[in-house]
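Scroll down for the structure; my scribbles are underneath it.
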Amino acid sequence: MAKFIDLTMSDGAAVRAYVAPPPAGSGPGLILLHGAGGLDADFCALCDFYAEDGYAVLAVDLKRHATAASPREAVNDVTAAHAALAPHLEAAAKTGAVGFGGGARIAGALGAMGAVDAVVAFGTAALAEDIALWRKLACPGAIHLAGAEAEIAAAAARLRTTEQPRLRVHEYAGCRENFFDPRSAEHDKHARTVAHTRSLAVLRPALGPHYDFSSLLQEHLRYEFVTHDADATMETMVAQPYVNHVPTLTGGVGHDMLKRFYKYHFIPHLPEKHRSILISETVGSDAVILELVNIFTHDVEIDYLLPGIPPSGKELTVPIVVVAKFRGGQLYHEHIYWDQATLLAQLGLIDRKGLPIAGAEEARKMLDQSLPANELMASWKTSEGKPL
């Protein structure tokens, strides 16, 4: 379990630190470096957040170096404190550093010294003032810049002049410095989610942990569509997951709501005859995206897909996109997209005349790209024969 510990530094100073082990008990190391807020409850919650992704997290209270002109003293404390992670590190574990605000420069210094194997820094345009530091980076890194659009664009351009192939620079125009902190008034949920995925894209290849997200998702889908086991389905997910079927707003947020959805509305109302054709699979640092064509017989009222529509007995086809995101080795959420208009058109519930709506041919085109295109565009013929 996560806990505070007391450390004695080489100069005899007593320093407080926070250690958050991963759910598996051991994993790669990750040093989190705080900004002006210090090692407070909010920052400890951030440590717990990274631990859920499989990291053994260490955060050292660096307030005694808050006014230091150089990060050297803080780097020394962090380096000395790293030994406290030993009980929670996997064999041959590598360690990364994630710095926020003032801690971003310390993370950069650790990376420039070769003391860590990956670096992530959150800050403002001021990070570009340390151009020499980032040029020396000896490991993969990512910088997240928040602030006014023109200001961070100029800073990002300057950072990219390092010609450092291992450094990725990301811009969050209009976001405030603490956009990553869910307890801050500056919090931006969507920017934070994107930034975390981008951070993992640097951390996972360099440090691990490495998960087979594709197999984990297939296991989840098998419990839904093959064994029809709501309990097993929920066991593949985090404690408080959520699912959103975007066109119909069906699914659930949190364990109880989502299990109720799976147990009474999703699994019992799946069509008996159905199959999926996988068009593509994209696996990222914390997500799997599937493109599918689903073919099924509308032999039951399908609560999640066609709520309130009685079974028609018709065979329906629909392209579907599944965006599944993971926390550590468990599914965190699913966003599922499809074109509801194509289903309603196939059921005769929409008059397609005069509307840019496709029926079953929408799915057929996904399966065979040689089929005609642009037939819903009345203006398409007007460009025929024009110079290219």
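Labeling convention for the structure tokens: chains A, B, ... as they appear, residues from 1 per chain, ligands from 1 in order of appearance.
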**Every residue of region 55-290 of chain A that DSSP places in strand (DSSP E), as a count of residues only** = 57
**Item:** Shell around region 280-287 of chain A at 12 Å using only C-alpha atoms, local window under 4 positions removed, as number ranges by chain
**Value:** A: 53-54, 193-218, 276, 291-293, 319-335, 366-367
**Prompt:** Which is closer to Glu235 (chain A) than all the others in A:Arg168, A:Leu32, A:Lys259, A:Gln340, using only C-alpha atoms?
**Reply:**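 Comparing A:Arg168, A:Leu32, A:Lys259, A:Gln340 against Glu235 (chain A), the winner is A:Lys259.
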**Item:** Residue neighbourhood Gly103 (chain A), 10 Å, only C-alpha atoms, exclusion window fewer than 2 positions, as a list in words
**Value:**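 Everything that qualifies: Leu32, Leu33, His34, Gly35, Ala36, Gly38, Leu62, Ala66, Pro71, Ala74, Ala97, Val98, Gly99, Phe100, Gly101, Arg105, Ile106, Ala107, Gly108, Ala109, Ala121, Phe122 and Gly123 of chain A.
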For Pro356 (chain A), list every protein, DNA or RNA residue within 10 Å, evaluated using only C-alpha atoms, and leave out those in the same chain fewer than 4 positions away; present the list as a CSV table (one decimal) with N, CA and C atoms, in the first residue's frame.
```
chain,number,residue,atom,x,y,z
A,341,ALA,N,-28.0,6.0,-38.4
A,341,ALA,CA,-28.8,6.3,-39.6
A,341,ALA,C,-28.9,5.0,-40.5
A,352,ARG,N,-34.9,7.6,-46.8
A,352,ARG,CA,-33.6,8.1,-47.3
A,352,ARG,C,-33.7,9.1,-48.4
A,375,GLU,N,-21.6,8.4,-54.6
A,375,GLU,CA,-22.9,8.4,-55.2
A,375,GLU,C,-23.9,9.2,-54.5
A,376,LEU,N,-23.7,9.6,-53.2
A,376,LEU,CA,-24.6,10.5,-52.6
A,376,LEU,C,-24.3,12.0,-52.9
A,377,MET,N,-23.2,12.2,-53.6
A,377,MET,CA,-22.8,13.6,-53.9
A,377,MET,C,-23.4,13.9,-55.3
```
**Residues within 9 Å of Ala239 (chain A), only C-alpha atoms, excluding chain neighbours under 2 positions, as a list in words** =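 Neighbouring residues, sequence-local ones excluded: Met234, Glu235, Met237, Pro241, Gly254, His255 and Tyr332 of chain A.
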For the residues in the current selection, export N, CA and C atoms as a PDB file, in the first residue's frame.
```
ATOM      1  N   MET A 234     -16.941  -7.928 -15.810  1.00  0.00           N
ATOM      2  CA  MET A 234     -16.562  -6.868 -14.891  1.00  0.00           C
ATOM      3  C   MET A 234     -15.172  -7.096 -14.302  1.00  0.00           C
ATOM      4  N   GLU A 235     -14.771  -8.351 -14.161  1.00  0.00           N
ATOM      5  CA  GLU A 235     -13.457  -8.651 -13.584  1.00  0.00           C
ATOM      6  C   GLU A 235     -12.315  -8.239 -14.505  1.00  0.00           C
ATOM      7  N   MET A 237     -12.183  -5.365 -15.817  1.00  0.00           N
ATOM      8  CA  MET A 237     -12.193  -3.906 -15.799  1.00  0.00           C
ATOM      9  C   MET A 237     -11.686  -3.367 -14.460  1.00  0.00           C
ATOM     10  N   PRO A 241     -15.170   1.489 -13.794  1.00  0.00           N
ATOM     11  CA  PRO A 241     -15.044   1.688 -15.235  1.00  0.00           C
ATOM     12  C   PRO A 241     -16.259   2.428 -15.799  1.00  0.00           C
ATOM     13  N   GLY A 254     -19.210   3.711 -13.492  1.00  0.00           N
ATOM     14  CA  GLY A 254     -19.038   3.108 -12.182  1.00  0.00           C
ATOM     15  C   GLY A 254     -19.437   1.641 -12.193  1.00  0.00           C
ATOM     16  N   HIS A 255     -18.938   0.895 -11.221  1.00  0.00           N
ATOM     17  CA  HIS A 255     -19.138  -0.557 -11.177  1.00  0.00           C
ATOM     18  C   HIS A 255     -20.611  -0.963 -11.162  1.00  0.00           C
ATOM     19  N   TYR A 332     -10.359   0.195 -18.749  1.00  0.00           N
ATOM     20  CA  TYR A 332     -10.846   1.370 -18.021  1.00  0.00           C
ATOM     21  C   TYR A 332     -12.149   1.884 -18.603  1.00  0.00           C
TER      22      TYR A 332
END
```
**Request:** Can you work out which one of A:Glu186, A:Asp61, A:Asp303, A:Glu149 has the shortest atom-to-atom distance to Ala14 (chain A), counting only C-alpha atoms?
**Result:**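 For Ala14 (chain A), the nearest of the given residues is A:Asp61.
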Residues near Asp188 (chain A), anyone? I mean within 12 Å using only C-alpha atoms, not counting same-chain ones fewer than 5 positions away, as a PDB file with C-alpha atoms, in the first residue's frame.
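Dumped to around.pdb:
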```pdb
ATOM      1  CA  ALA A 146       0.423  24.776 -21.403  1.00  0.00           C
ATOM      2  CA  TYR A 172      -2.022  22.546 -24.993  1.00  0.00           C
ATOM      3  CA  ALA A 173      -3.157  25.984 -26.121  1.00  0.00           C
ATOM      4  CA  GLY A 174      -5.494  27.710 -23.709  1.00  0.00           C
ATOM      5  CA  CYS A 175      -4.783  25.298 -20.863  1.00  0.00           C
ATOM      6  CA  ARG A 176      -3.379  26.515 -17.560  1.00  0.00           C
ATOM      7  CA  GLU A 177      -0.206  25.198 -15.954  1.00  0.00           C
ATOM      8  CA  ASN A 178      -2.016  22.779 -13.614  1.00  0.00           C
ATOM      9  CA  PHE A 179      -4.364  21.356 -16.252  1.00  0.00           C
ATOM     10  CA  PHE A 180      -3.194  17.836 -15.367  1.00  0.00           C
ATOM     11  CA  ASP A 181      -4.393  18.040 -11.732  1.00  0.00           C
ATOM     12  CA  PRO A 182      -8.028  16.906 -11.288  1.00  0.00           C
ATOM     13  CA  ARG A 183      -8.287  18.747  -7.957  1.00  0.00           C
ATOM     14  CA  THR A 193      -6.330  12.398 -20.756  1.00  0.00           C
ATOM     15  CA  VAL A 194      -4.511  13.160 -23.998  1.00  0.00           C
ATOM     16  CA  ALA A 195      -1.362  14.205 -22.133  1.00  0.00           C
TER      17      ALA A 195
END
```
**Item:** Closest of A:Ala20, A:Ala104, A:Arg72, A:Ala150 to Trp134 (chain A) - atom-to-atom distances counting only C-alpha atoms
**Value:** A:Ala104
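Closest approach to Val238 (chain A) from the set A:Val226, A:Val253, A:Leu39, A:Leu127 is made by A:Val253, with distances taken over only C-alpha atoms.
The interatomic distance for the pair CA of Arg192 (chain A) and CA of Glu129 (chain A) works out to 23.8 Å.
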